[in-house]
$ cat protein.csv   # CSV, C-alpha atoms and all ligand atoms
chain,number,residue,atom,x,y,z
E,1,MET,CA,79.1,93.9,119.5
E,2,LYS,CA,81.8,95.2,121.9
E,3,ILE,CA,85.1,93.6,121.2
E,4,ALA,CA,88.3,94.0,123.2
E,5,VAL,CA,91.4,94.1,121.0
E,6,GLY,CA,95.0,93.7,122.2
E,7,SER,CA,98.5,93.0,120.9
E,8,ASP,CA,102.1,92.9,121.9
E,9,HIS,CA,104.8,94.7,119.8
E,10,GLY,CA,104.8,91.8,117.3
E,11,GLY,CA,101.1,92.3,116.5
E,12,PHE,CA,100.9,96.1,116.9
E,13,VAL,CA,100.6,97.0,113.2
E,14,TYR,CA,97.8,94.4,112.6
E,15,LYS,CA,96.0,95.6,115.7
E,16,GLN,CA,95.6,99.0,114.2
E,17,LEU,CA,94.5,97.5,110.9
E,18,ILE,CA,92.0,95.2,112.5
E,19,ILE,CA,90.6,98.0,114.7
E,20,ASP,CA,90.0,100.2,111.7
E,21,PHE,CA,88.4,97.4,109.8
E,22,LEU,CA,86.1,96.4,112.7
E,23,ARG,CA,85.0,100.1,113.3
E,24,LYS,CA,84.2,100.4,109.6
E,25,ILE,CA,81.8,97.4,109.8
E,26,GLY,CA,80.1,98.9,112.9
E,27,GLN,CA,81.7,97.1,115.8
E,28,GLU,CA,82.5,98.8,119.1
E,29,ILE,CA,86.1,98.4,120.1
E,30,GLU,CA,88.0,98.5,123.4
E,31,ASP,CA,91.7,99.0,122.5
E,32,VAL,CA,93.7,97.7,125.5
E,33,GLY,CA,97.1,98.3,123.8
E,34,CYS,CA,100.0,98.0,123.2
E,35,TYR,CA,100.2,101.5,121.7
E,36,SER,CA,103.6,101.3,119.8
E,37,THR,CA,106.2,98.7,118.6
E,38,ASP,CA,108.1,99.0,121.8
E,39,SER,CA,108.6,95.6,123.3
E,40,VAL,CA,105.9,94.3,125.8
E,41,ASP,CA,105.1,90.9,127.2
E,42,TYR,CA,102.2,89.1,125.5
E,43,PRO,CA,100.8,87.4,128.7
E,44,ASN,CA,100.0,90.9,130.2
E,45,GLN,CA,98.2,91.9,127.0
E,46,ALA,CA,96.3,88.6,126.9
E,47,ASP,CA,95.2,89.2,130.6
E,48,LYS,CA,93.7,92.6,129.7
E,49,VAL,CA,91.6,91.3,126.9
E,50,CYS,CA,90.5,88.1,128.7
E,51,GLU,CA,89.5,90.0,131.8
E,52,LYS,CA,87.1,92.2,129.8
E,53,VAL,CA,85.6,89.1,128.2
E,54,HIS,CA,85.3,87.2,131.4
E,55,ASN,CA,83.7,90.1,133.3
E,56,GLY,CA,81.2,90.7,130.5
E,57,GLU,CA,82.5,94.2,129.7
E,58,CYS,CA,83.2,92.9,126.1
E,59,GLU,CA,81.4,90.1,124.3
E,60,ARG,CA,84.5,88.9,122.5
E,61,GLY,CA,88.3,89.5,122.3
E,62,ILE,CA,90.9,89.5,119.6
E,63,LEU,CA,94.7,89.1,120.4
E,64,ILE,CA,97.5,89.5,118.0
E,65,CYS,CA,101.2,88.7,118.5
E,66,GLY,CA,104.0,87.6,116.1
E,67,THR,CA,102.7,84.0,115.7
E,68,GLY,CA,99.4,84.1,117.7
E,69,ILE,CA,100.8,81.1,119.7
E,70,GLY,CA,101.8,82.9,122.8
E,71,MET,CA,98.5,84.8,122.9
E,72,SER,CA,96.5,81.6,122.5
E,73,ILE,CA,98.4,79.8,125.3
E,74,ALA,CA,98.1,82.7,127.6
E,75,ALA,CA,94.4,83.3,126.9
E,76,ASN,CA,93.4,79.7,127.4
E,77,ARG,CA,94.7,79.7,130.9
E,78,HIS,CA,91.8,82.0,131.9
E,79,ASP,CA,88.5,80.6,133.2
E,80,GLY,CA,85.6,81.1,130.7
E,81,ILE,CA,87.9,81.8,127.8
E,82,ARG,CA,87.9,79.7,124.6
E,83,ALA,CA,90.7,81.1,122.5
E,84,ALA,CA,91.2,79.9,118.9
E,85,LEU,CA,94.4,80.5,116.9
E,86,CYS,CA,93.2,80.8,113.3
E,87,HIS,CA,95.2,81.1,110.0
E,88,GLU,CA,92.3,81.1,107.5
E,89,ALA,CA,88.6,81.7,107.3
E,90,PHE,CA,87.5,78.0,107.5
E,91,THR,CA,89.0,77.5,111.0
E,92,ALA,CA,87.8,80.9,112.0
E,93,ARG,CA,84.2,80.0,111.1
E,94,MET,CA,84.4,76.6,112.7
E,95,SER,CA,85.9,78.0,115.9
E,96,ARG,CA,82.7,80.0,116.2
E,97,GLU,CA,80.1,77.4,115.0
E,98,HIS,CA,81.5,74.4,116.9
E,99,ASN,CA,83.7,75.8,119.7
E,100,ASN,CA,82.0,79.1,120.5
E,101,ALA,CA,85.4,80.7,120.7
E,102,ASN,CA,85.2,84.0,122.5
E,103,VAL,CA,88.8,85.0,121.8
E,104,LEU,CA,90.5,85.0,118.4
E,105,CYS,CA,94.3,84.9,118.1
E,106,ILE,CA,96.2,85.9,115.0
E,107,GLY,CA,99.9,85.9,114.1
E,108,GLU,CA,101.0,89.1,112.3
E,109,ARG,CA,104.2,87.4,111.1
E,110,VAL,CA,102.2,84.5,109.7
E,111,LEU,CA,99.3,86.0,107.7
E,112,GLY,CA,99.1,88.5,104.9
E,113,GLN,CA,96.9,91.5,105.7
E,114,GLU,CA,94.0,90.5,103.4
E,115,ILE,CA,93.9,87.0,104.9
E,116,ALA,CA,94.0,88.4,108.5
E,117,LEU,CA,91.0,90.7,107.8
E,118,ASP,CA,89.2,87.8,106.1
E,119,VAL,CA,89.8,85.7,109.3
E,120,VAL,CA,88.6,88.6,111.5
E,121,GLY,CA,85.5,89.4,109.4
E,122,THR,CA,84.4,85.7,109.2
E,123,TRP,CA,85.0,85.1,112.9
E,124,VAL,CA,83.0,88.2,114.0
E,125,GLU,CA,80.1,87.4,111.8
E,126,THR,CA,79.7,83.7,112.6
E,127,GLU,CA,77.4,82.5,115.4
E,128,PHE,CA,77.7,79.5,117.6
E,129,ALA,CA,75.6,76.5,116.4
E,130,GLY,CA,74.8,75.2,119.9
E,131,GLY,CA,73.2,71.7,120.2
E,132,ARG,CA,75.7,68.9,120.5
E,133,HIS,CA,78.5,71.5,120.5
E,134,GLN,CA,77.2,73.0,123.7
E,135,ARG,CA,77.3,69.5,125.3
E,136,ARG,CA,81.0,69.3,124.5
E,137,LEU,CA,81.7,72.7,125.9
E,138,ASP,CA,79.8,71.8,129.0
E,139,LEU,CA,82.0,68.7,129.4
E,140,MET,CA,85.1,70.9,129.3
E,141,ALA,CA,83.7,73.3,131.8
E,142,GLU,CA,82.9,70.4,134.2
E,143,THR,CA,86.5,69.0,134.1
E,144,ARG,CA,88.0,72.4,134.9
E,145,SER,CA,86.1,72.9,138.2
Z,1,LIG,C1,107.6,88.5,120.2
Z,1,LIG,O1,108.9,88.6,119.6
Z,1,LIG,C2,107.0,87.2,119.9
Z,1,LIG,O2,107.6,86.2,120.6
Z,1,LIG,C3,105.5,87.2,120.2
Z,1,LIG,O3,104.9,88.2,119.5
Z,1,LIG,C4,104.7,85.9,119.9
Z,1,LIG,O4,105.0,85.5,118.6
Z,1,LIG,C5,104.8,84.9,120.9
Z,1,LIG,O5,104.2,83.8,120.8
$ encode --input "protein.csv" --output "structure tokens"
Amino acid sequence: MKIAVGSDHGGFVYKQLIIDFLRKIGQEIEDVGCYSTDSVDYPNQADKVCEKVHNGECERGILICGTGIGMSIAANRHDGIRAALCHEAFTARMSREHNNANVLCIGERVLGQEIALDVVGTWVETEFAGGRHQRRLDLMAETRS
């Protein structure tokens, strides 16, 4: 699976960690930056990842900032993006099974490294359950247009 990964300065260290982890488990990565801990604005980084998911270049996206909150707010403003801010594996799994989340948001200042990688691994490996959950996603798509 091709995954776009982006962060601001507050998520830069975990972005590198997450990219290494995902490559080790065989995922293809598009790194949209940032590329250092110099300050950048998270909405611009969210735009880069969401654009790649929306246009089909990448199947899913992962965004990391200090808390994950700014990234999730910014990502969910995009059409076709269902971004989930997850702090542990249970919500990561449910965000895939029930919500078909196509963008995962993580807070570097919130999670320890092992928990963050557990969240990412669970989220990447979990499939959407469909059925009644698809009907609910369709309802949200309708109310947006
Ligand atoms: C940057 O200091 C911080 O505000 C950002 O990474 C994020 O936590 C915003 O939601």
$ atom_distance --input "protein.csv" --atom1 "atom CA of Ala46 of chain E" --atom2 "atom CA of Ser72 of chain E"
8.3 Å
$ residues_near_ligand --input "protein.csv" --ligand "ligand LIG 1 (chain Z)" --cutoff "10 Å" --atoms "only C-alpha atoms and all ligand atoms" --output "list in words"
Ser7, Asp8, His9, Gly10, Gly11, Phe12, Ser39, Val40, Asp41, Tyr42, Pro43, Ile64, Cys65, Gly66, Thr67, Gly68, Ile69, Gly70, Met71, Ser72, Ile73, Ala74, Ile106, Gly107, Glu108, Arg109 and Val110 of chain E
$ atom_distance --input "protein.csv" --atom1 "atom CA of Tyr35 of chain E" --atom2 "atom CA of Val53 of chain E"
20.2 Å
$ residues_around --input "protein.csv" --residues "Asp118 of chain E" --least-positions-apart "6" --cutoff "12 Å" --atoms "all atoms listed in the file" --output "ChimeraX atom specification"
/E:18,21-22,86-93,106,111-112,124-125
$ write_last_selection --input "protein.csv" --atoms "C-alpha atoms" --output "mmCIF file, keeping the file's coordinate frame"
data_model
loop_
_atom_site.group_PDB
_atom_site.id
_atom_site.type_symbol
_atom_site.label_atom_id
_atom_site.label_comp_id
_atom_site.auth_asym_id
_atom_site.auth_seq_id
_atom_site.Cartn_x
_atom_site.Cartn_y
_atom_site.Cartn_z
ATOM 1 C CA ILE E 18 92.000 95.200 112.500
ATOM 2 C CA PHE E 21 88.400 97.400 109.800
ATOM 3 C CA LEU E 22 86.100 96.400 112.700
ATOM 4 C CA CYS E 86 93.200 80.800 113.300
ATOM 5 C CA HIS E 87 95.200 81.100 110.000
ATOM 6 C CA GLU E 88 92.300 81.100 107.500
ATOM 7 C CA ALA E 89 88.600 81.700 107.300
ATOM 8 C CA PHE E 90 87.500 78.000 107.500
ATOM 9 C CA THR E 91 89.000 77.500 111.000
ATOM 10 C CA ALA E 92 87.800 80.900 112.000
ATOM 11 C CA ARG E 93 84.200 80.000 111.100
ATOM 12 C CA ILE E 106 96.200 85.900 115.000
ATOM 13 C CA LEU E 111 99.300 86.000 107.700
ATOM 14 C CA GLY E 112 99.100 88.500 104.900
ATOM 15 C CA VAL E 124 83.000 88.200 114.000
ATOM 16 C CA GLU E 125 80.100 87.400 111.800
#
$ closest_residue --input "protein.csv" --among "E:Ser95, E:Asn102, E:Gln113, E:Asn55" --to "Ala129 of chain E" --atoms "all atoms listed in the file"
E:Ser95
$ closest_residue --input "protein.csv" --among "E:Leu17, E:Ala83, E:Val32, E:Ala101" --to "Lys48 of chain E" --atoms "all atoms listed in the file"
E:Val32
$ build_atoms --input "protein.csv" --residues "segment 102-128 of chain E" --atoms "N, CA, C and O atoms" --output "JSON list (two decimals), keeping the file's coordinate frame"
[["chain", "number", "residue", "atom", "x", "y", "z"],
["E", 102, "ASN", "N", 85.47, 82.59, 122.14],
["E", 102, "ASN", "CA", 85.20, 84.00, 122.50],
["E", 102, "ASN", "C", 86.41, 84.88, 122.38],
["E", 102, "ASN", "O", 86.32, 86.09, 122.60],
["E", 103, "VAL", "N", 87.55, 84.28, 122.06],
["E", 103, "VAL", "CA", 88.80, 85.00, 121.80],
["E", 103, "VAL", "C", 89.40, 84.48, 120.51],
["E", 103, "VAL", "O", 89.55, 83.26, 120.37],
["E", 104, "LEU", "N", 89.76, 85.37, 119.59],
["E", 104, "LEU", "CA", 90.50, 85.00, 118.40],
["E", 104, "LEU", "C", 91.91, 85.44, 118.46],
["E", 104, "LEU", "O", 92.18, 86.58, 118.86],
["E", 105, "CYS", "N", 92.83, 84.54, 118.13],
["E", 105, "CYS", "CA", 94.30, 84.90, 118.10],
["E", 105, "CYS", "C", 94.79, 84.82, 116.71],
["E", 105, "CYS", "O", 94.46, 83.91, 115.94],
["E", 106, "ILE", "N", 95.65, 85.78, 116.39],
["E", 106, "ILE", "CA", 96.20, 85.90, 115.00],
["E", 106, "ILE", "C", 97.70, 86.19, 115.12],
["E", 106, "ILE", "O", 98.15, 86.88, 116.04],
["E", 107, "GLY", "N", 98.43, 85.66, 114.14],
["E", 107, "GLY", "CA", 99.90, 85.90, 114.10],
["E", 107, "GLY", "C", 100.19, 86.90, 112.95],
["E", 107, "GLY", "O", 100.00, 86.60, 111.77],
["E", 108, "GLU", "N", 100.70, 88.08, 113.34],
["E", 108, "GLU", "CA", 101.00, 89.10, 112.30],
["E", 108, "GLU", "C", 102.14, 88.65, 111.41],
["E", 108, "GLU", "O", 102.20, 89.05, 110.24],
["E", 109, "ARG", "N", 103.06, 87.81, 111.94],
["E", 109, "ARG", "CA", 104.20, 87.40, 111.10],
["E", 109, "ARG", "C", 103.85, 86.14, 110.29],
["E", 109, "ARG", "O", 104.70, 85.60, 109.61],
["E", 110, "VAL", "N", 102.60, 85.70, 110.38],
["E", 110, "VAL", "CA", 102.20, 84.50, 109.70],
["E", 110, "VAL", "C", 101.25, 84.81, 108.51],
["E", 110, "VAL", "O", 101.38, 84.21, 107.44],
["E", 111, "LEU", "N", 100.32, 85.73, 108.74],
["E", 111, "LEU", "CA", 99.30, 86.00, 107.70],
["E", 111, "LEU", "C", 99.52, 87.29, 106.99],
["E", 111, "LEU", "O", 99.96, 88.28, 107.57],
["E", 112, "GLY", "N", 99.18, 87.28, 105.69],
["E", 112, "GLY", "CA", 99.10, 88.50, 104.90],
["E", 112, "GLY", "C", 97.92, 89.35, 105.45],
["E", 112, "GLY", "O", 97.00, 88.81, 106.07],
["E", 113, "GLN", "N", 97.94, 90.64, 105.15],
["E", 113, "GLN", "CA", 96.90, 91.50, 105.70],
["E", 113, "GLN", "C", 95.50, 91.15, 105.23],
["E", 113, "GLN", "O", 94.56, 91.17, 106.02],
["E", 114, "GLU", "N", 95.35, 90.81, 103.96],
["E", 114, "GLU", "CA", 94.00, 90.50, 103.40],
["E", 114, "GLU", "C", 93.47, 89.22, 104.09],
["E", 114, "GLU", "O", 92.27, 89.13, 104.40],
["E", 115, "ILE", "N", 94.35, 88.24, 104.28],
["E", 115, "ILE", "CA", 93.90, 87.00, 104.90],
["E", 115, "ILE", "C", 93.53, 87.29, 106.38],
["E", 115, "ILE", "O", 92.52, 86.79, 106.89],
["E", 116, "ALA", "N", 94.33, 88.11, 107.06],
["E", 116, "ALA", "CA", 94.00, 88.40, 108.50],
["E", 116, "ALA", "C", 92.65, 89.09, 108.58],
["E", 116, "ALA", "O", 91.86, 88.74, 109.47],
["E", 117, "LEU", "N", 92.35, 90.01, 107.70],
["E", 117, "LEU", "CA", 91.00, 90.70, 107.80],
["E", 117, "LEU", "C", 89.90, 89.73, 107.38],
["E", 117, "LEU", "O", 88.80, 89.83, 107.94],
["E", 118, "ASP", "N", 90.17, 88.81, 106.48],
["E", 118, "ASP", "CA", 89.20, 87.80, 106.10],
["E", 118, "ASP", "C", 88.88, 86.91, 107.34],
["E", 118, "ASP", "O", 87.71, 86.60, 107.64],
["E", 119, "VAL", "N", 89.93, 86.53, 108.06],
["E", 119, "VAL", "CA", 89.80, 85.70, 109.30],
["E", 119, "VAL", "C", 88.93, 86.50, 110.31],
["E", 119, "VAL", "O", 87.95, 85.98, 110.87],
["E", 120, "VAL", "N", 89.27, 87.75, 110.52],
["E", 120, "VAL", "CA", 88.60, 88.60, 111.50],
["E", 120, "VAL", "C", 87.10, 88.76, 111.13],
["E", 120, "VAL", "O", 86.19, 88.56, 111.95],
["E", 121, "GLY", "N", 86.86, 89.11, 109.87],
["E", 121, "GLY", "CA", 85.50, 89.40, 109.40],
["E", 121, "GLY", "C", 84.62, 88.11, 109.54],
["E", 121, "GLY", "O", 83.47, 88.17, 110.01],
["E", 122, "THR", "N", 85.18, 86.98, 109.15],
["E", 122, "THR", "CA", 84.40, 85.70, 109.20],
["E", 122, "THR", "C", 84.14, 85.37, 110.68],
["E", 122, "THR", "O", 83.01, 84.98, 111.03],
["E", 123, "TRP", "N", 85.14, 85.51, 111.53],
["E", 123, "TRP", "CA", 85.00, 85.10, 112.90],
["E", 123, "TRP", "C", 83.95, 86.03, 113.64],
["E", 123, "TRP", "O", 83.12, 85.55, 114.41],
["E", 124, "VAL", "N", 83.97, 87.31, 113.33],
["E", 124, "VAL", "CA", 83.00, 88.20, 114.00],
["E", 124, "VAL", "C", 81.59, 87.97, 113.54],
["E", 124, "VAL", "O", 80.66, 88.08, 114.33],
["E", 125, "GLU", "N", 81.43, 87.56, 112.28],
["E", 125, "GLU", "CA", 80.10, 87.40, 111.80],
["E", 125, "GLU", "C", 79.45, 86.04, 111.99],
["E", 125, "GLU", "O", 78.26, 85.86, 111.74],
["E", 126, "THR", "N", 80.23, 85.07, 112.46],
["E", 126, "THR", "CA", 79.70, 83.70, 112.60],
["E", 126, "THR", "C", 79.18, 83.45, 113.99],
["E", 126, "THR", "O", 79.84, 83.78, 114.99],
["E", 127, "GLU", "N", 77.99, 82.84, 114.06],
["E", 127, "GLU", "CA", 77.40, 82.50, 115.40],
["E", 127, "GLU", "C", 77.64, 81.09, 115.77],
["E", 127, "GLU", "O", 77.89, 80.22, 114.93],
["E", 128, "PHE", "N", 77.53, 80.82, 117.05],
["E", 128, "PHE", "CA", 77.70, 79.50, 117.60],
["E", 128, "PHE", "C", 76.46, 78.63, 117.20],
["E", 128, "PHE", "O", 75.32, 79.10, 117.25]]
